[in-house]
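Student: So here's coords_6.cif, just mmCIF, C-alpha atoms and all ligand atoms:
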```cif
data_final
loop_
_atom_site.label_atom_id
_atom_site.label_comp_id
_atom_site.auth_asym_id
_atom_site.auth_seq_id
_atom_site.Cartn_x
_atom_site.Cartn_y
_atom_site.Cartn_z
CA MET A 157 68.69 -5.12 -65.02
CA ASN A 158 70.30 -4.36 -61.65
CA GLU A 159 70.29 -6.61 -58.58
CA LEU A 160 67.33 -4.85 -56.96
CA GLN A 161 65.24 -5.27 -60.11
CA ALA A 162 66.30 -8.92 -60.45
CA SER A 163 65.40 -9.62 -56.81
CA LEU A 164 61.98 -8.01 -57.26
CA LYS A 165 61.40 -10.18 -60.33
CA ILE A 166 62.06 -13.29 -58.24
CA ALA A 167 59.70 -12.01 -55.51
CA LEU A 168 57.02 -11.37 -58.16
CA ALA A 169 57.42 -14.84 -59.65
CA ASN A 170 57.27 -16.38 -56.17
CA ALA A 171 54.14 -14.41 -55.24
CA PHE A 172 52.48 -15.57 -58.46
CA LYS A 173 53.46 -19.17 -57.87
CA MET A 174 52.48 -19.14 -54.19
CA TYR A 175 49.17 -17.51 -55.06
CA PHE A 176 48.39 -20.30 -57.51
CA ALA A 177 49.61 -23.00 -55.11
CA ALA A 178 47.18 -21.76 -52.44
CA GLN A 179 44.34 -21.30 -54.93
CA GLN A 180 44.61 -24.84 -56.25
CA ALA A 181 44.80 -26.12 -52.65
CA HIS A 182 41.55 -24.21 -52.00
CA TRP A 183 40.00 -25.93 -55.03
CA ASN A 184 41.37 -29.43 -54.57
CA VAL A 185 41.37 -29.98 -50.80
CA GLU A 186 39.23 -32.91 -49.65
CA GLY A 187 38.32 -34.71 -46.46
CA PRO A 188 36.56 -34.10 -43.16
CA TYR A 189 38.30 -30.75 -42.69
CA PHE A 190 37.36 -29.53 -46.17
CA SER A 191 35.46 -26.47 -45.06
CA GLN A 192 38.15 -25.28 -42.66
CA TYR A 193 41.01 -25.69 -45.17
CA HIS A 194 38.99 -24.41 -48.12
CA ASP A 195 38.58 -21.15 -46.17
CA PHE A 196 42.15 -21.08 -44.81
CA PHE A 197 43.71 -21.60 -48.25
CA GLY A 198 41.22 -19.04 -49.57
CA ASP A 199 42.51 -16.42 -47.12
CA ILE A 200 46.10 -17.11 -48.17
CA TYR A 201 45.56 -16.98 -51.93
CA THR A 202 43.46 -13.81 -51.61
CA ASP A 203 46.24 -12.08 -49.68
CA VAL A 204 49.09 -13.25 -51.91
CA GLN A 205 47.17 -12.42 -55.09
CA SER A 206 46.69 -8.89 -53.80
CA SER A 207 50.49 -8.46 -53.60
CA ILE A 208 51.17 -9.40 -57.23
CA ASP A 209 50.08 -6.08 -58.71
CA ASP A 210 52.04 -4.09 -56.11
CA ILE A 211 55.27 -6.02 -56.64
CA ALA A 212 55.00 -5.70 -60.44
CA GLU A 213 54.38 -1.96 -60.10
CA ARG A 214 57.42 -1.68 -57.83
CA ILE A 215 59.46 -3.25 -60.64
CA ARG A 216 58.12 -0.61 -63.03
CA ILE A 217 58.91 2.17 -60.55
CA THR A 218 62.57 1.07 -60.60
CA GLY A 219 62.51 1.49 -64.40
CA ALA A 220 62.50 -2.21 -65.38
CA TYR A 221 59.67 -3.98 -67.19
CA ALA A 222 57.48 -6.63 -65.61
CA PRO A 223 57.52 -10.07 -67.30
CA SER A 224 55.22 -10.12 -70.32
CA SER A 225 54.40 -13.82 -70.44
CA LEU A 226 53.65 -16.53 -67.90
CA PRO A 227 56.64 -18.69 -68.92
CA MET A 228 58.95 -15.67 -68.53
CA LEU A 229 57.43 -14.87 -65.16
CA LEU A 230 57.55 -18.42 -63.81
CA ALA A 231 61.14 -18.95 -64.97
CA SER A 232 62.28 -16.64 -62.14
CA SER A 233 60.45 -18.49 -59.37
CA THR A 234 62.33 -20.46 -56.72
CA ILE A 235 59.13 -22.25 -55.59
CA GLU A 236 58.66 -25.92 -56.47
CA ASP A 237 55.45 -27.16 -58.08
CA MET A 238 52.86 -28.43 -55.62
CA PRO A 239 52.23 -32.20 -55.54
CA PRO A 240 49.52 -33.21 -58.03
CA ALA A 241 45.92 -33.59 -56.85
CA PRO A 242 44.58 -35.50 -55.05
CA ALA A 243 46.79 -34.61 -52.10
CA SER A 244 46.12 -34.83 -48.37
CA CYS A 245 45.62 -31.69 -46.28
CA ARG A 246 48.99 -32.34 -44.70
CA THR A 247 50.70 -32.60 -48.10
CA LEU A 248 49.09 -29.33 -49.17
CA LEU A 249 50.20 -27.65 -45.94
CA ILE A 250 53.78 -28.88 -46.33
CA GLY A 251 53.86 -27.65 -49.94
CA LEU A 252 52.56 -24.23 -48.90
CA ILE A 253 55.01 -24.02 -45.99
CA ALA A 254 57.87 -24.57 -48.46
CA ALA A 255 56.40 -22.01 -50.88
CA ASN A 256 56.03 -19.48 -48.07
CA GLN A 257 59.65 -20.01 -46.96
CA GLN A 258 60.84 -19.30 -50.51
CA MET A 259 58.58 -16.25 -50.64
CA ILE A 260 60.12 -14.93 -47.40
CA ALA A 261 63.66 -15.61 -48.66
CA SER A 262 62.99 -13.67 -51.87
CA LEU A 263 61.41 -10.75 -49.99
CA ASN A 264 64.41 -10.65 -47.63
CA LYS A 265 66.78 -10.55 -50.61
CA ALA A 266 64.81 -7.73 -52.24
CA PHE A 267 64.81 -5.89 -48.90
CA GLU A 268 68.64 -6.10 -48.75
CA TYR A 269 68.95 -4.52 -52.19
CA ALA A 270 66.31 -1.90 -51.39
CA GLU A 271 68.32 -1.00 -48.29
CA LEU A 272 71.52 -0.70 -50.35
CA ALA A 273 69.63 1.57 -52.75
CA ARG A 274 68.33 3.59 -49.73
CA ASP A 275 64.80 3.16 -51.05
CA GLN A 276 62.78 3.70 -47.86
CA GLY A 277 59.38 3.34 -49.48
CA LEU A 278 60.25 0.01 -51.01
CA MET A 279 61.82 -1.17 -47.74
CA ASP A 280 58.58 -0.29 -45.92
CA TYR A 281 56.52 -2.17 -48.49
CA LEU A 282 58.72 -5.27 -48.38
CA ALA A 283 58.83 -5.24 -44.55
CA GLY A 284 55.02 -5.19 -44.52
CA ARG A 285 54.86 -8.17 -46.86
CA LEU A 286 57.44 -10.02 -44.76
CA ASP A 287 55.22 -9.58 -41.70
CA VAL A 288 52.21 -10.97 -43.54
CA HIS A 289 54.16 -13.98 -44.84
CA LYS A 290 55.57 -14.68 -41.38
CA LYS A 291 51.99 -14.84 -40.13
CA HIS A 292 51.05 -17.20 -42.97
CA GLY A 293 54.03 -19.34 -41.94
CA TRP A 294 52.88 -19.50 -38.34
CA MET A 295 49.34 -20.51 -39.32
CA LEU A 296 50.51 -23.10 -41.86
CA ASP A 297 52.99 -24.56 -39.36
CA ALA A 298 50.42 -24.69 -36.56
CA SER A 299 47.92 -26.37 -38.88
CA SER A 300 50.43 -28.99 -40.02
CA LYS A 301 51.18 -30.25 -36.50
CA THR A 302 49.12 -33.33 -35.95
CA LEU A 303 49.44 -37.00 -35.24
CA GLY A 304 48.20 -39.44 -37.82
CA GLU A 305 47.02 -39.15 -41.39
CA TYR A 306 44.32 -36.84 -42.60
FE FE B 401 36.62 -20.23 -54.15
#
```
Just dump the structure as structure tokens.

Tutor:
Amino acid sequence: MNELQASLKIALANAFKMYFAAQQAHWNVEGPYFSQYHDFFGDIYTDVQSSIDDIAERIRITGAYAPSSLPMLLASSTIEDMPPAPASCRTLLIGLIAANQQMIASLNKAFEYAELARDQGLMDYLAGRLDVHKKHGWMLDASSKTLGEY
């Protein structure tokens, strides 16, 4: 497995883990802002889930195999587990901000190797995903800025 393939495997594992982090936040969120955060986390997990198939297929296009079990897949992730439920909205937001930062770091790394390999199509794809995750980061950050507990 070359460095590009290895970096894509980390991006895939991070997308999978971030997808699940946002989905469980969508399920487990509680409090007066339930409806707002249920929908917000729903938008994030729907987007990130949609990237999983594409990233895995990009791995196959490079000639490597995608992970064939969940433990194998998750072993490559650099994203920490989310705090156990019940967790406050703010705790969920902070966990997703950290997950999103790791996602961006892994996409940037894969982009570097795609550039070295002069793979324009893959660079375009990764740049598009980076834009989407930067937007997630903005929205998560903006949502986390508050005074007091909630
Ligand atoms: Fe749902």

Student: Find the residues around Ile260 of chain A up to 9 Å (all atoms listed in the file counted), leave out those fewer than 5 positions away in its own chain, and share them as number ranges by chain.

Tutor: A: 167, 255, 265, 285-286, 289-290

Student: Rank nothing, just name the residue among A:His182, A:His292, A:Arg214, A:Lys301 nearest to ligand FE 401 (chain B), using all atoms listed in the file.

Tutor: A:His182

Student: Show me which residues are within 8 Å of ligand FE 401 (chain B) counting only C-alpha atoms and all ligand atoms, and format the list as a list in words.

Tutor: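 Final answer, ordered by chain and number: Gln179, His182, Trp183, His194 and Gly198 of chain A.
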
Student: Give me the residues near segment 246-250 of chain A as a ChimeraX atom specification, where near means some atom within 12 Å (using all atoms listed in the file) and where sequence neighbours in that chain fewer than 4 positions away do not count.

Tutor: /A:174,177-187,189,193-194,196-197,200,236-242,254-257,292-306

Student: Could the residues in this selection be saved with C-alpha atoms as a tab-separated table (two decimals), in the frame of the given file?

Tutor:
```
chain	number	residue	atom	x	y	z
A	174	MET	CA	52.48	-19.14	-54.19
A	177	ALA	CA	49.61	-23.00	-55.11
A	178	ALA	CA	47.18	-21.76	-52.44
A	179	GLN	CA	44.34	-21.30	-54.93
A	180	GLN	CA	44.61	-24.84	-56.25
A	181	ALA	CA	44.80	-26.12	-52.65
A	182	HIS	CA	41.55	-24.21	-52.00
A	183	TRP	CA	40.00	-25.93	-55.03
A	184	ASN	CA	41.37	-29.43	-54.57
A	185	VAL	CA	41.37	-29.98	-50.80
A	186	GLU	CA	39.23	-32.91	-49.65
A	187	GLY	CA	38.32	-34.71	-46.46
A	189	TYR	CA	38.30	-30.75	-42.69
A	193	TYR	CA	41.01	-25.69	-45.17
A	194	HIS	CA	38.99	-24.41	-48.12
A	196	PHE	CA	42.15	-21.08	-44.81
A	197	PHE	CA	43.71	-21.60	-48.25
A	200	ILE	CA	46.10	-17.11	-48.17
A	236	GLU	CA	58.66	-25.92	-56.47
A	237	ASP	CA	55.45	-27.16	-58.08
A	238	MET	CA	52.86	-28.43	-55.62
A	239	PRO	CA	52.23	-32.20	-55.54
A	240	PRO	CA	49.52	-33.21	-58.03
A	241	ALA	CA	45.92	-33.59	-56.85
A	242	PRO	CA	44.58	-35.50	-55.05
A	254	ALA	CA	57.87	-24.57	-48.46
A	255	ALA	CA	56.40	-22.01	-50.88
A	256	ASN	CA	56.03	-19.48	-48.07
A	257	GLN	CA	59.65	-20.01	-46.96
A	292	HIS	CA	51.05	-17.20	-42.97
A	293	GLY	CA	54.03	-19.34	-41.94
A	294	TRP	CA	52.88	-19.50	-38.34
A	295	MET	CA	49.34	-20.51	-39.32
A	296	LEU	CA	50.51	-23.10	-41.86
A	297	ASP	CA	52.99	-24.56	-39.36
A	298	ALA	CA	50.42	-24.69	-36.56
A	299	SER	CA	47.92	-26.37	-38.88
A	300	SER	CA	50.43	-28.99	-40.02
A	301	LYS	CA	51.18	-30.25	-36.50
A	302	THR	CA	49.12	-33.33	-35.95
A	303	LEU	CA	49.44	-37.00	-35.24
A	304	GLY	CA	48.20	-39.44	-37.82
A	305	GLU	CA	47.02	-39.15	-41.39
A	306	TYR	CA	44.32	-36.84	-42.60
```

Student: With only C-alpha atoms as the atoms that count, which of A:Leu230, A:Ala266, A:Met259, A:Ala171 lies nearest to Thr202 of chain A?

Tutor: A:Ala171

Student: Between atom CA of Ala273 of chain A and atom CA of Ser163 of chain A, what is the distance, to one decimal in Å?

Tutor: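 Between these atoms lies a distance of 12.6 Å.
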
Student: Report, in Å to a single decimal, how far apart atom CA of Ser224 of chain A and atom CA of Ala261 of chain A are.

Tutor: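 Spanning atom CA of Ala261 of chain A to atom CA of Ser224 of chain A is a straight-line distance of 23.9 Å.
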
Student: Which is closest to Gln192 of chain A among A:Cys245, A:Met228, A:Ile166, A:Val204, if we use only C-alpha atoms?

Tutor: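 Of A:Cys245, A:Met228, A:Ile166, A:Val204, the one nearest Gln192 of chain A, counting only C-alpha atoms, is A:Cys245.
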
Student: Would you mind reading off the distance between atom CA of Phe267 of chain A and atom CA of Gln161 of chain A, one decimal, in Å?

Tutor: 11.2 Å

Student: Would you save segment 232-302 of chain A to a file, keeping C-alpha atoms, as a tab-separated table (two decimals), in the first residue's frame?

Tutor:
```
chain	number	residue	atom	x	y	z
A	232	SER	CA	-7.19	3.70	10.80
A	233	SER	CA	-9.27	6.53	12.24
A	234	THR	CA	-7.64	9.47	14.02
A	235	ILE	CA	-10.99	10.60	15.51
A	236	GLU	CA	-11.62	10.08	19.22
A	237	ASP	CA	-14.82	8.44	20.46
A	238	MET	CA	-17.59	10.86	21.32
A	239	PRO	CA	-18.45	11.30	25.03
A	240	PRO	CA	-21.08	8.78	26.16
A	241	ALA	CA	-24.75	9.79	26.22
A	242	PRO	CA	-26.29	11.70	27.85
A	243	ALA	CA	-24.18	14.66	26.77
A	244	SER	CA	-25.04	18.35	26.56
A	245	CYS	CA	-25.47	20.08	23.20
A	246	ARG	CA	-22.22	21.90	23.85
A	247	THR	CA	-20.36	18.65	24.56
A	248	LEU	CA	-21.73	17.15	21.34
A	249	LEU	CA	-20.69	20.25	19.39
A	250	ILE	CA	-17.17	20.19	20.84
A	251	GLY	CA	-16.84	16.48	19.99
A	252	LEU	CA	-17.99	17.09	16.43
A	253	ILE	CA	-15.68	20.09	16.04
A	254	ALA	CA	-12.73	17.86	16.99
A	255	ALA	CA	-13.93	15.11	14.63
A	256	ASN	CA	-14.30	17.62	11.80
A	257	GLN	CA	-10.77	18.97	12.40
A	258	GLN	CA	-9.36	15.44	12.13
A	259	MET	CA	-11.44	14.87	8.99
A	260	ILE	CA	-9.99	18.03	7.42
A	261	ALA	CA	-6.43	17.05	8.42
A	262	SER	CA	-6.83	13.63	6.80
A	263	LEU	CA	-8.33	15.11	3.62
A	264	ASN	CA	-5.45	17.61	3.42
A	265	LYS	CA	-2.93	14.77	3.76
A	266	ALA	CA	-4.66	12.75	1.03
A	267	PHE	CA	-4.71	15.88	-1.15
A	268	GLU	CA	-0.92	16.26	-0.75
A	269	TYR	CA	-0.35	12.69	-1.95
A	270	ALA	CA	-2.87	13.08	-4.77
A	271	GLU	CA	-0.96	16.17	-5.89
A	272	LEU	CA	2.35	14.27	-5.80
A	273	ALA	CA	0.70	11.56	-7.90
A	274	ARG	CA	-0.62	14.27	-10.30
A	275	ASP	CA	-4.10	12.81	-9.90
A	276	GLN	CA	-6.24	15.81	-10.89
A	277	GLY	CA	-9.57	14.05	-10.54
A	278	LEU	CA	-8.82	12.92	-7.02
A	279	MET	CA	-7.48	16.38	-6.12
A	280	ASP	CA	-10.76	17.91	-7.35
A	281	TYR	CA	-12.79	15.45	-5.32
A	282	LEU	CA	-10.78	15.99	-2.13
A	283	ALA	CA	-10.86	19.80	-2.57
A	284	GLY	CA	-14.66	19.61	-2.82
A	285	ARG	CA	-14.87	17.58	0.38
A	286	LEU	CA	-12.51	20.00	2.12
A	287	ASP	CA	-14.85	22.87	1.25
A	288	VAL	CA	-17.83	21.02	2.67
A	289	HIS	CA	-16.01	20.15	5.90
A	290	LYS	CA	-14.81	23.74	6.30
A	291	LYS	CA	-18.45	24.80	6.14
A	292	HIS	CA	-19.38	22.17	8.73
A	293	GLY	CA	-16.58	23.58	10.90
A	294	TRP	CA	-17.93	27.11	10.62
A	295	MET	CA	-21.46	26.04	11.55
A	296	LEU	CA	-20.31	23.85	14.45
A	297	ASP	CA	-18.06	26.62	15.76
A	298	ALA	CA	-20.76	29.27	15.47
A	299	SER	CA	-23.23	27.00	17.25
A	300	SER	CA	-20.83	26.28	20.10
A	301	LYS	CA	-20.33	29.95	21.02
A	302	THR	CA	-22.59	30.70	23.91
```
